[in-house]
$ cat entry_33.pdb   # PDB, C-alpha atoms
ATOM      1  CA  MET A   1     -40.661  21.840  28.569
ATOM      2  CA  THR A   2     -40.105  21.069  24.901
ATOM      3  CA  LYS A   3     -37.721  18.196  24.257
ATOM      4  CA  PRO A   4     -34.971  18.887  21.721
ATOM      5  CA  ASN A   5     -35.430  17.181  18.387
ATOM      6  CA  LYS A   6     -33.275  14.117  17.897
ATOM      7  CA  PRO A   7     -31.023  14.163  14.839
ATOM      8  CA  THR A   8     -32.565  12.332  11.896
ATOM      9  CA  ARG A   9     -30.780   9.093  11.123
ATOM     10  CA  ARG A  10     -30.269   7.923   7.596
ATOM     11  CA  PRO A  11     -32.159   4.729   6.824
ATOM     12  CA  ARG A  12     -29.861   1.730   6.842
ATOM     13  CA  THR A  13     -28.880   0.598   3.356
ATOM     14  CA  VAL A  14     -30.301  -2.791   2.378
ATOM     15  CA  PHE A  15     -27.625  -4.205   0.109
ATOM     16  CA  ARG A  16     -28.257  -6.550  -2.813
ATOM     17  CA  ARG A  17     -26.270  -8.759  -5.133
ATOM     18  CA  LEU A  18     -25.260  -6.640  -8.083
ATOM     19  CA  ASP A  19     -22.724  -7.266 -10.851
ATOM     20  CA  GLY A  20     -21.255  -4.769 -13.283
ATOM     21  CA  ILE A  21     -18.801  -1.927 -13.834
ATOM     22  CA  LEU A  22     -19.456   1.763 -13.225
ATOM     23  CA  LEU A  23     -17.262   4.358 -14.930
ATOM     24  CA  LEU A  24     -17.314   7.008 -12.224
ATOM     25  CA  ASP A  25     -16.154  10.585 -12.753
ATOM     26  CA  LYS A  26     -14.587  11.023  -9.323
ATOM     27  CA  PRO A  27     -15.063  14.499  -7.876
ATOM     28  CA  GLN A  28     -12.251  16.534  -6.360
ATOM     29  CA  GLY A  29     -11.962  16.314  -2.586
ATOM     30  CA  LEU A  30     -12.944  12.668  -2.100
ATOM     31  CA  SER A  31     -10.515   9.787  -1.712
ATOM     32  CA  SER A  32     -11.053   6.859  -4.058
ATOM     33  CA  ASN A  33     -12.403   4.760  -1.188
ATOM     34  CA  GLN A  34     -14.815   7.506  -0.127
ATOM     35  CA  ALA A  35     -16.092   7.737  -3.709
ATOM     36  CA  LEU A  36     -16.425   3.947  -3.866
ATOM     37  CA  GLN A  37     -18.485   3.824  -0.675
ATOM     38  CA  ARG A  38     -20.760   6.617  -1.920
ATOM     39  CA  VAL A  39     -21.655   4.760  -5.107
ATOM     40  CA  ARG A  40     -21.818   1.361  -3.398
ATOM     41  CA  HIS A  41     -24.513   2.695  -1.064
ATOM     42  CA  LEU A  42     -26.215   4.487  -3.953
ATOM     43  CA  PHE A  43     -26.488   1.241  -5.927
ATOM     44  CA  ARG A  44     -26.974  -0.865  -2.752
ATOM     45  CA  ALA A  45     -24.227  -3.192  -3.986
ATOM     46  CA  GLU A  46     -23.129  -5.890  -1.534
ATOM     47  CA  LYS A  47     -19.590  -5.989  -2.855
ATOM     48  CA  GLY A  48     -17.491  -3.330  -4.563
ATOM     49  CA  GLY A  49     -13.954  -2.279  -5.325
ATOM     50  CA  HIS A  50     -12.159   0.328  -7.426
ATOM     51  CA  THR A  51      -9.361  -0.217  -9.914
ATOM     52  CA  GLY A  52      -6.538   2.178  -9.147
ATOM     53  CA  SER A  53      -6.564   4.977  -6.610
ATOM     54  CA  LEU A  54      -6.906   8.638  -7.481
ATOM     55  CA  ASP A  55      -5.650  11.275  -5.045
ATOM     56  CA  PRO A  56      -8.334  13.459  -3.390
ATOM     57  CA  LEU A  57      -7.092  16.367  -5.545
ATOM     58  CA  ALA A  58      -7.672  14.386  -8.750
ATOM     59  CA  THR A  59     -10.843  14.025 -10.776
ATOM     60  CA  GLY A  60     -11.822  11.756 -13.632
ATOM     61  CA  LEU A  61     -12.204   8.108 -14.459
ATOM     62  CA  LEU A  62     -12.389   5.690 -11.552
ATOM     63  CA  PRO A  63     -13.712   2.295 -12.694
ATOM     64  CA  VAL A  64     -15.767   0.763  -9.893
ATOM     65  CA  CYS A  65     -16.429  -2.981  -9.957
ATOM     66  CA  PHE A  66     -19.504  -4.457  -8.287
ATOM     67  CA  GLY A  67     -20.051  -8.096  -7.365
ATOM     68  CA  GLU A  68     -18.431 -10.619  -9.692
ATOM     69  CA  ALA A  69     -16.678  -7.816 -11.586
ATOM     70  CA  THR A  70     -14.341  -7.469  -8.590
ATOM     71  CA  LYS A  71     -12.715 -10.722  -9.775
ATOM     72  CA  ILE A  72     -11.197  -8.902 -12.764
ATOM     73  CA  ALA A  73     -10.355  -5.698 -10.886
ATOM     74  CA  GLY A  74      -6.760  -6.808 -10.241
ATOM     75  CA  GLY A  75      -6.085  -7.027 -13.958
ATOM     76  CA  LEU A  76      -7.500  -3.565 -14.560
ATOM     77  CA  LEU A  77      -5.143  -2.136 -11.915
ATOM     78  CA  GLY A  78      -2.186  -2.748 -14.211
ATOM     79  CA  ALA A  79      -3.800  -1.170 -17.264
ATOM     80  CA  ARG A  80      -2.422   1.750 -19.264
ATOM     81  CA  LYS A  81      -3.848   5.103 -18.193
ATOM     82  CA  ALA A  82      -3.971   8.687 -19.486
ATOM     83  CA  TYR A  83      -4.076  11.960 -17.568
ATOM     84  CA  GLU A  84      -4.170  15.693 -18.107
ATOM     85  CA  THR A  85      -2.344  17.669 -15.443
ATOM     86  CA  VAL A  86      -1.385  21.254 -14.681
ATOM     87  CA  ALA A  87       2.104  21.741 -13.239
ATOM     88  CA  ARG A  88       2.779  24.788 -11.127
ATOM     89  CA  LEU A  89       6.456  25.718 -11.480
ATOM     90  CA  GLY A  90       8.561  27.345  -8.765
ATOM     91  CA  ILE A  91       7.105  25.700  -5.646
ATOM     92  CA  VAL A  92       7.920  22.262  -4.221
ATOM     93  CA  THR A  93       5.491  20.737  -1.679
ATOM     94  CA  ASP A  94       5.798  17.799   0.691
ATOM     95  CA  THR A  95       3.042  15.877  -1.136
ATOM     96  CA  ASP A  96       4.148  16.958  -4.643
ATOM     97  CA  ASP A  97       0.706  18.486  -5.208
ATOM     98  CA  ALA A  98      -1.281  21.578  -4.244
ATOM     99  CA  GLU A  99      -2.685  19.958  -1.091
ATOM    100  CA  GLY A 100       0.740  19.768   0.555
ATOM    101  CA  GLN A 101       2.834  22.223   2.532
ATOM    102  CA  PRO A 102       5.395  24.307   0.596
ATOM    103  CA  LEU A 103       8.962  23.126   1.158
ATOM    104  CA  ARG A 104      10.865  25.340  -1.234
ATOM    105  CA  GLU A 105      10.153  28.279  -3.518
ATOM    106  CA  GLN A 106      12.422  29.322  -6.372
ATOM    107  CA  PRO A 107      12.189  31.833  -9.200
ATOM    108  CA  VAL A 108      11.275  30.286 -12.534
ATOM    109  CA  PRO A 109      14.077  30.863 -15.064
ATOM    110  CA  PRO A 110      13.339  31.945 -18.626
ATOM    111  CA  LEU A 111      12.129  28.825 -20.425
ATOM    112  CA  THR A 112      11.579  27.942 -24.068
ATOM    113  CA  ILE A 113       9.322  25.327 -25.608
ATOM    114  CA  ASP A 114      12.427  23.441 -26.763
ATOM    115  CA  ALA A 115      13.832  23.331 -23.225
ATOM    116  CA  ILE A 116      10.521  22.094 -21.816
ATOM    117  CA  ASP A 117      10.189  19.439 -24.544
ATOM    118  CA  ALA A 118      13.732  18.244 -23.889
ATOM    119  CA  ALA A 119      12.990  17.806 -20.181
ATOM    120  CA  LEU A 120       9.742  15.968 -20.960
ATOM    121  CA  LYS A 121      11.612  13.629 -23.314
ATOM    122  CA  THR A 122      14.035  12.747 -20.500
ATOM    123  CA  LEU A 123      11.069  11.535 -18.439
ATOM    124  CA  THR A 124       9.537   9.431 -21.237
ATOM    125  CA  GLY A 125      10.027   5.713 -21.827
ATOM    126  CA  ARG A 126      11.188   3.138 -19.305
ATOM    127  CA  ILE A 127      12.430   5.335 -16.471
ATOM    128  CA  ARG A 128      13.335   5.086 -12.796
ATOM    129  CA  GLN A 129      10.994   7.000 -10.511
ATOM    130  CA  ARG A 130      10.839   7.665  -6.779
ATOM    131  CA  PRO A 131       7.206   7.560  -5.572
ATOM    132  CA  PRO A 132       5.971  10.373  -3.298
ATOM    133  CA  ILE A 133       6.347   9.810   0.437
ATOM    134  CA  TYR A 134       2.671  10.730   0.727
ATOM    135  CA  SER A 135       1.374   7.715  -1.180
ATOM    136  CA  ALA A 136      -0.672   4.564  -0.602
ATOM    137  CA  LEU A 137       2.380   2.345  -1.009
ATOM    138  CA  LYS A 138       2.743   0.146   2.040
ATOM    139  CA  ARG A 139       5.730  -0.558   4.236
ATOM    140  CA  GLY A 140       5.349  -2.930   7.156
ATOM    141  CA  GLY A 141       1.653  -3.233   6.310
ATOM    142  CA  GLU A 142       1.046   0.514   6.711
ATOM    143  CA  PRO A 143       0.610   3.149   3.980
ATOM    144  CA  LEU A 144       3.529   5.553   3.616
ATOM    145  CA  TYR A 145       1.238   8.558   4.003
ATOM    146  CA  ALA A 146       0.358   7.435   7.532
ATOM    147  CA  LYS A 147       4.042   7.316   8.476
ATOM    148  CA  ALA A 148       4.667  10.682   6.801
ATOM    149  CA  ARG A 149       1.810  12.328   8.720
ATOM    150  CA  ARG A 150       3.408  11.205  11.976
ATOM    151  CA  GLY A 151       6.607  12.945  10.938
ATOM    152  CA  GLU A 152       8.621   9.741  10.445
ATOM    153  CA  THR A 153      11.640   9.928   8.161
ATOM    154  CA  ILE A 154      10.890   7.873   5.072
ATOM    155  CA  GLU A 155      13.268   6.734   2.366
ATOM    156  CA  VAL A 156      11.437   5.587  -0.759
ATOM    157  CA  ASP A 157      13.355   3.470  -3.245
ATOM    158  CA  GLU A 158      13.259   4.235  -6.938
ATOM    159  CA  ARG A 159      11.516   1.770  -9.223
ATOM    160  CA  GLU A 160      11.106   1.307 -12.951
ATOM    161  CA  VAL A 161       7.907   2.559 -14.565
ATOM    162  CA  ASP A 162       6.669   3.018 -18.122
ATOM    163  CA  VAL A 163       5.835   6.508 -19.365
ATOM    164  CA  HIS A 164       4.446   6.134 -22.879
ATOM    165  CA  ALA A 165       3.828   9.847 -23.441
ATOM    166  CA  PHE A 166       4.651  13.044 -21.537
ATOM    167  CA  ASP A 167       3.709  15.979 -23.750
ATOM    168  CA  LEU A 168       3.239  19.718 -23.411
ATOM    169  CA  LEU A 169      -0.280  20.847 -24.271
ATOM    170  CA  ASN A 170      -0.093  24.510 -23.324
ATOM    171  CA  ALA A 171       2.409  26.948 -21.813
ATOM    172  CA  ALA A 172       0.669  30.204 -22.723
ATOM    173  CA  ASP A 173       0.447  31.533 -19.150
ATOM    174  CA  LEU A 174       4.130  30.929 -18.500
ATOM    175  CA  LEU A 175       5.356  32.332 -21.819
ATOM    176  CA  ASP A 176       3.120  35.408 -21.547
ATOM    177  CA  GLY A 177       4.563  36.313 -18.156
ATOM    178  CA  GLY A 178       1.550  35.177 -16.173
ATOM    179  CA  GLU A 179       1.160  32.228 -13.805
ATOM    180  CA  PRO A 180       4.052  29.733 -14.241
ATOM    181  CA  LEU A 181       1.768  26.893 -15.322
ATOM    182  CA  LEU A 182       2.249  24.046 -17.792
ATOM    183  CA  ARG A 183      -0.654  21.934 -19.039
ATOM    184  CA  LEU A 184       0.599  18.418 -19.758
ATOM    185  CA  HIS A 185      -0.648  15.113 -21.172
ATOM    186  CA  VAL A 186       0.568  11.839 -19.634
ATOM    187  CA  GLU A 187       0.107   8.226 -20.728
ATOM    188  CA  CYS A 188       1.677   5.674 -18.421
ATOM    189  CA  GLY A 189       1.669   2.136 -17.117
ATOM    190  CA  SER A 190       0.902   0.683 -13.730
ATOM    191  CA  GLY A 191       2.604   2.167 -10.681
ATOM    192  CA  THR A 192       3.513   5.496 -12.274
ATOM    193  CA  TYR A 193       2.912   8.614 -10.177
ATOM    194  CA  VAL A 194       2.060  11.770 -12.121
ATOM    195  CA  ARG A 195       3.033  13.775  -9.018
ATOM    196  CA  SER A 196       6.528  12.321  -9.224
ATOM    197  CA  LEU A 197       6.759  13.086 -12.950
ATOM    198  CA  VAL A 198       5.827  16.725 -12.334
ATOM    199  CA  ARG A 199       8.211  16.980  -9.364
ATOM    200  CA  ASP A 200      11.090  15.594 -11.457
ATOM    201  CA  LEU A 201      10.185  17.852 -14.387
ATOM    202  CA  GLY A 202      10.472  20.854 -12.072
ATOM    203  CA  GLU A 203      13.936  19.745 -10.973
ATOM    204  CA  LEU A 204      15.066  19.344 -14.592
ATOM    205  CA  LEU A 205      13.807  22.862 -15.347
ATOM    206  CA  GLY A 206      15.727  24.232 -12.361
ATOM    207  CA  CYS A 207      12.838  25.595 -10.322
ATOM    208  CA  GLY A 208      10.853  22.729  -8.813
ATOM    209  CA  ALA A 209       7.159  22.050  -9.437
ATOM    210  CA  HIS A 210       4.035  20.428  -8.074
ATOM    211  CA  VAL A 211       0.703  19.194  -9.446
ATOM    212  CA  ALA A 212      -1.931  21.935  -9.317
ATOM    213  CA  GLN A 213      -4.641  19.965 -11.151
ATOM    214  CA  LEU A 214      -4.982  16.331 -12.221
ATOM    215  CA  ARG A 215      -7.638  14.545 -14.243
ATOM    216  CA  ARG A 216      -7.633  10.922 -15.387
ATOM    217  CA  LEU A 217      -8.956  10.721 -18.937
ATOM    218  CA  TRP A 218      -9.082   6.969 -19.569
ATOM    219  CA  VAL A 219      -7.973   3.552 -18.383
ATOM    220  CA  ASP A 220      -7.614   0.561 -20.685
ATOM    221  CA  PRO A 221      -9.854  -0.922 -21.987
ATOM    222  CA  PHE A 222     -12.104   2.134 -21.474
ATOM    223  CA  ARG A 223     -10.470   4.501 -23.974
ATOM    224  CA  GLU A 224     -13.586   6.611 -24.665
ATOM    225  CA  PRO A 225     -15.466   6.328 -21.384
ATOM    226  CA  ARG A 226     -18.988   7.506 -20.738
ATOM    227  CA  MET A 227     -18.404   8.658 -17.162
ATOM    228  CA  TRP A 228     -21.076   9.332 -14.541
ATOM    229  CA  THR A 229     -20.794  11.992 -11.857
ATOM    230  CA  LEU A 230     -22.140  11.396  -8.369
ATOM    231  CA  ALA A 231     -24.632  14.205  -8.867
ATOM    232  CA  ALA A 232     -25.969  12.644 -12.086
ATOM    233  CA  LEU A 233     -26.332   9.232 -10.442
ATOM    234  CA  GLU A 234     -28.126  10.682  -7.427
ATOM    235  CA  ASP A 235     -30.480  12.595  -9.729
ATOM    236  CA  LEU A 236     -31.249   9.441 -11.725
ATOM    237  CA  LEU A 237     -32.058   7.471  -8.604
ATOM    238  CA  GLU A 238     -34.314  10.214  -7.246
ATOM    239  CA  HIS A 239     -36.235  10.979 -10.432
ATOM    240  CA  ALA A 240     -36.055   7.782 -12.516
ATOM    241  CA  GLY A 241     -35.595   4.976  -9.997
ATOM    242  CA  GLU A 242     -33.200   2.152  -9.327
ATOM    243  CA  ARG A 243     -33.869   0.252 -12.553
ATOM    244  CA  VAL A 244     -32.724   3.218 -14.640
ATOM    245  CA  LEU A 245     -29.758   3.717 -12.312
ATOM    246  CA  ASP A 246     -28.697   0.087 -12.886
ATOM    247  CA  ALA A 247     -28.667   0.754 -16.623
ATOM    248  CA  CYS A 248     -25.580   2.947 -16.056
ATOM    249  CA  LEU A 249     -23.535  -0.181 -15.342
ATOM    250  CA  LEU A 250     -21.444  -1.921 -17.968
ATOM    251  CA  PRO A 251     -21.473  -5.730 -18.075
ATOM    252  CA  VAL A 252     -18.429  -7.550 -16.724
ATOM    253  CA  GLU A 253     -17.464  -8.471 -20.296
ATOM    254  CA  ALA A 254     -16.662  -4.802 -20.957
ATOM    255  CA  GLY A 255     -13.757  -5.063 -18.528
ATOM    256  CA  MET A 256     -12.362  -8.264 -20.048
ATOM    257  CA  ALA A 257     -11.217  -6.811 -23.365
ATOM    258  CA  SER A 258      -7.574  -6.521 -22.275
ATOM    259  CA  TRP A 259      -7.147 -10.294 -21.930
ATOM    260  CA  PRO A 260      -6.788 -12.714 -24.881
ATOM    261  CA  GLU A 261     -10.134 -14.413 -25.471
ATOM    262  CA  VAL A 262     -10.873 -18.154 -25.234
ATOM    263  CA  ARG A 263     -14.340 -19.562 -26.059
ATOM    264  CA  VAL A 264     -15.742 -22.778 -24.594
ATOM    265  CA  ASN A 265     -18.972 -24.729 -25.051
ATOM    266  CA  ALA A 266     -21.509 -25.525 -22.316
ATOM    267  CA  ALA A 267     -19.965 -28.885 -21.375
ATOM    268  CA  GLN A 268     -16.492 -27.380 -21.170
ATOM    269  CA  ALA A 269     -17.822 -24.487 -19.089
ATOM    270  CA  GLN A 270     -19.292 -26.946 -16.596
ATOM    271  CA  ARG A 271     -15.943 -28.751 -16.291
ATOM    272  CA  LEU A 272     -14.181 -25.450 -15.633
ATOM    273  CA  GLY A 273     -16.872 -24.498 -13.125
ATOM    274  CA  ARG A 274     -16.104 -27.686 -11.203
ATOM    275  CA  GLY A 275     -12.454 -26.667 -11.049
ATOM    276  CA  GLN A 276     -11.312 -29.087 -13.761
ATOM    277  CA  GLY A 277      -8.938 -28.140 -16.562
ATOM    278  CA  LEU A 278      -9.397 -28.651 -20.304
ATOM    279  CA  ARG A 279      -6.955 -30.170 -22.725
ATOM    280  CA  GLY A 280      -5.874 -27.886 -25.523
ATOM    281  CA  PRO A 281      -4.395 -26.726 -27.525
ATOM    282  CA  TYR A 282      -5.493 -23.271 -26.387
ATOM    283  CA  GLN A 283      -3.645 -20.045 -27.158
ATOM    284  CA  PRO A 284      -1.732 -18.011 -26.132
ATOM    285  CA  ARG A 285       0.313 -20.372 -24.001
ATOM    286  CA  GLY A 286       1.637 -19.158 -20.673
ATOM    287  CA  ARG A 287      -0.917 -16.340 -20.444
ATOM    288  CA  GLN A 288      -3.969 -15.445 -18.426
ATOM    289  CA  VAL A 289      -7.058 -15.357 -20.634
ATOM    290  CA  ALA A 290     -10.694 -14.247 -20.587
ATOM    291  CA  ILE A 291     -13.010 -17.248 -20.836
ATOM    292  CA  LEU A 292     -16.316 -16.708 -22.667
ATOM    293  CA  ASP A 293     -19.089 -19.098 -23.621
ATOM    294  CA  GLU A 294     -20.332 -19.677 -27.172
ATOM    295  CA  HIS A 295     -22.641 -16.650 -26.922
ATOM    296  CA  GLY A 296     -19.962 -14.239 -25.681
ATOM    297  CA  ARG A 297     -20.971 -14.249 -22.002
ATOM    298  CA  GLY A 298     -17.973 -13.874 -19.722
ATOM    299  CA  LEU A 299     -17.290 -16.866 -17.485
ATOM    300  CA  GLY A 300     -14.176 -15.528 -15.773
ATOM    301  CA  LEU A 301     -10.415 -15.714 -16.031
ATOM    302  CA  GLY A 302      -8.277 -18.754 -16.760
ATOM    303  CA  GLU A 303      -4.677 -19.659 -17.510
ATOM    304  CA  VAL A 304      -3.234 -21.461 -20.517
ATOM    305  CA  ASP A 305      -0.272 -23.607 -19.511
ATOM    306  CA  ALA A 306       2.862 -24.399 -21.506
ATOM    307  CA  GLU A 307       1.173 -27.458 -23.095
ATOM    308  CA  GLY A 308      -1.882 -25.467 -24.174
ATOM    309  CA  GLY A 309      -4.199 -26.739 -21.443
ATOM    310  CA  LEU A 310      -6.780 -24.357 -19.981
ATOM    311  CA  ARG A 311      -7.134 -24.096 -16.193
ATOM    312  CA  PRO A 312      -9.729 -22.030 -14.306
ATOM    313  CA  ALA A 313      -8.344 -19.118 -12.264
ATOM    314  CA  ARG A 314     -11.136 -16.770 -11.135
ATOM    315  CA  LEU A 315     -14.534 -17.781 -12.493
ATOM    316  CA  PHE A 316     -17.832 -15.972 -12.073
ATOM    317  CA  ARG A 317     -20.517 -17.664 -10.002
ATOM    318  CA  TRP A 318     -22.597 -18.566 -13.072
ATOM    319  CA  ALA A 319     -19.726 -20.254 -14.951
ATOM    320  CA  ALA A 320     -20.786 -23.854 -14.247
ATOM    321  CA  THR A 321     -24.473 -23.351 -15.095
ATOM    322  CA  GLY A 322     -24.381 -20.652 -17.749
ATOM    323  CA  ALA A 323     -26.981 -18.657 -15.795
ATOM    324  CA  GLY A 324     -26.544 -14.885 -15.659
ATOM    325  CA  GLY A 325     -26.569 -12.648 -12.588
ATOM    326  CA  GLU A 326     -29.983 -12.218 -11.001
ATOM    327  CA  ASP A 327     -29.432  -8.525 -10.367
ATOM    328  CA  GLY A 328     -27.662  -5.854 -12.333
ATOM    329  CA  ALA A 329     -25.775  -5.805 -15.554
ATOM    330  CA  ALA A 330     -23.488  -8.835 -15.418
TER     331      ALA A 330
END

$ encode --input "entry_33.pdb" --output "structure tokens"
Amino acid sequence: MTKPNKPTRRPRTVFRRLDGILLLDKPQGLSSNQALQRVRHLFRAEKGGHTGSLDPLATGLLPVCFGEATKIAGGLLGARKAYETVARLGIVTDTDDAEGQPLREQPVPPLTIDAIDAALKTLTGRIRQRPPIYSALKRGGEPLYAKARRGETIEVDEREVDVHAFDLLNAADLLDGGEPLLRLHVECGSGTYVRSLVRDLGELLGCGAHVAQLRRLWVDPFREPRMWTLAALEDLLEHAGERVLDACLLPVEAGMASWPEVRVNAAQAQRLGRGQGLRGPYQPRGRQVAILDEHGRGLGLGEVDAEGGLRPARLFRWAATGAGGEDGAA
């Protein structure tokens, strides 16, 4: 009697120390963590993290930090971001996007460009926004979406967010009597939910709305990103090898451009690497800064105190010796 074939197991990933930043073009349908784990295994990176979640529906730029680059990931989370989104008018969903269940459907009233622009202007600037109940925000140590999926009643408090731009790109379908769609451009600060912006826009227009499509275009300091799709990375690894794949990574210094820069010499770098501060005066006072050596290699993050002294905050492992990472791009 023939024995059934056992399912083939994937070989276990042998991870390695790897430092650098990948500008991933996240595909639709994956959570940010799922996308992170895919590329971490692809690169065999011991340590990885992403800088700012994208919903499974969303595509576009997801900066992924490997190794020592994870030490600057927290600062990138608060960076300014830009999106292009398509709002579907007339239907409100429980998740505020197309993946949710419809809650309410209303006819879309006759709308003009002026009326749409006026509503968009109301939602621009420093505004108060109520995040979606289906979000990664935590309450009692648990994400809100987990509570919502169990059917718990959730009250989400409004909070202040910065919306630098909320502009209409195209309303041709709506104005021509077709699908009630608006294509919109958004630039915003940390903690802003595009789903909430679209939901609130729909209420201002008197018909409700949800996000039908969402793509992140850029995140500071990556304003003109060269993004890599999962398919392209997999193809590179298969046909060109791991060394060529590693060349897709940016060095950690590329992610440090948003911080004011402070340069130190080799002796000063060694003092910082031992956890000792440096007398100033350094600038700007009272700020977190990017510390670089005389050759422009990033050593990590520090803080300048009120007297101008420089203290180490989160330094890279090579800060005290000046030696670079053994593997990867950092």

$ resolve_selection --input "entry_33.pdb" --expression "the PyMOL selection byres ((chain A and resi 211-226) around 6)" --output "ChimeraX atom specification"
/A:58-61,79-88,97-98,195,210,227

$ closest_residue --input "entry_33.pdb" --among "A:Leu89, A:Ala306, A:Val252, A:Leu230" --to "Pro107 in chain A" --atoms "all atoms listed in the file"
A:Leu89

$ atom_distance --input "entry_33.pdb" --atom1 "CA of Ala209 in chain A" --atom2 "CA of Leu174 in chain A"
13.0 Å

$ atom_distance --input "entry_33.pdb" --atom1 "CA of His50 in chain A" --atom2 "CA of Thr70 in chain A"
8.2 Å

$ resolve_selection --input "entry_33.pdb" --expression "the PyMOL selection byres ((chain A and resi 196-198) around 8)" --output "ChimeraX atom specification"
/A:87,96,123,129-132,193-195,199-202,209-211

$ build_atoms --input "entry_33.pdb" --residues "range 71-77 of chain A" --atoms "all heavy atoms" --output "mmCIF file, in the coordinates of the input"
data_model
loop_
_atom_site.group_PDB
_atom_site.id
_atom_site.type_symbol
_atom_site.label_atom_id
_atom_site.label_comp_id
_atom_site.auth_asym_id
_atom_site.auth_seq_id
_atom_site.Cartn_x
_atom_site.Cartn_y
_atom_site.Cartn_z
ATOM 1 N N LYS A 71 -13.668 -9.649 -9.478
ATOM 2 C CA LYS A 71 -12.715 -10.722 -9.775
ATOM 3 C C LYS A 71 -11.769 -10.362 -10.915
ATOM 4 O O LYS A 71 -10.733 -11.001 -11.085
ATOM 5 C CB LYS A 71 -13.458 -12.024 -10.094
ATOM 6 C CG LYS A 71 -14.195 -12.586 -8.890
ATOM 7 C CD LYS A 71 -14.953 -13.858 -9.216
ATOM 8 C CE LYS A 71 -15.644 -14.408 -7.963
ATOM 9 N NZ LYS A 71 -16.445 -15.616 -8.251
ATOM 10 N N ILE A 72 -12.103 -9.352 -11.697
ATOM 11 C CA ILE A 72 -11.197 -8.902 -12.764
ATOM 12 C C ILE A 72 -10.549 -7.564 -12.426
ATOM 13 O O ILE A 72 -9.766 -7.038 -13.211
ATOM 14 C CB ILE A 72 -11.921 -8.812 -14.130
ATOM 15 C CG1 ILE A 72 -13.022 -7.736 -14.096
ATOM 16 C CG2 ILE A 72 -12.484 -10.160 -14.542
ATOM 17 C CD1 ILE A 72 -13.620 -7.443 -15.464
ATOM 18 N N ALA A 73 -10.863 -7.025 -11.250
ATOM 19 C CA ALA A 73 -10.355 -5.698 -10.886
ATOM 20 C C ALA A 73 -8.832 -5.677 -10.823
ATOM 21 O O ALA A 73 -8.199 -4.691 -11.195
ATOM 22 C CB ALA A 73 -10.947 -5.245 -9.548
ATOM 23 N N GLY A 74 -8.216 -6.771 -10.352
ATOM 24 C CA GLY A 74 -6.760 -6.808 -10.241
ATOM 25 C C GLY A 74 -6.074 -6.636 -11.578
ATOM 26 O O GLY A 74 -5.032 -5.986 -11.675
ATOM 27 N N GLY A 75 -6.665 -7.185 -12.630
ATOM 28 C CA GLY A 75 -6.085 -7.027 -13.958
ATOM 29 C C GLY A 75 -6.227 -5.618 -14.493
ATOM 30 O O GLY A 75 -5.359 -5.126 -15.217
ATOM 31 N N LEU A 76 -7.309 -4.938 -14.120
ATOM 32 C CA LEU A 76 -7.500 -3.565 -14.560
ATOM 33 C C LEU A 76 -6.557 -2.604 -13.846
ATOM 34 O O LEU A 76 -6.248 -1.528 -14.354
ATOM 35 C CB LEU A 76 -8.946 -3.133 -14.331
ATOM 36 C CG LEU A 76 -10.006 -3.907 -15.136
ATOM 37 C CD1 LEU A 76 -11.401 -3.471 -14.722
ATOM 38 C CD2 LEU A 76 -9.809 -3.711 -16.624
ATOM 39 N N LEU A 77 -6.076 -2.993 -12.659
ATOM 40 C CA LEU A 77 -5.143 -2.136 -11.915
ATOM 41 C C LEU A 77 -3.871 -1.884 -12.703
ATOM 42 O O LEU A 77 -3.261 -0.819 -12.605
ATOM 43 C CB LEU A 77 -4.782 -2.791 -10.574
ATOM 44 C CG LEU A 77 -5.828 -2.714 -9.466
ATOM 45 C CD1 LEU A 77 -5.427 -3.609 -8.309
ATOM 46 C CD2 LEU A 77 -6.002 -1.291 -8.986
#
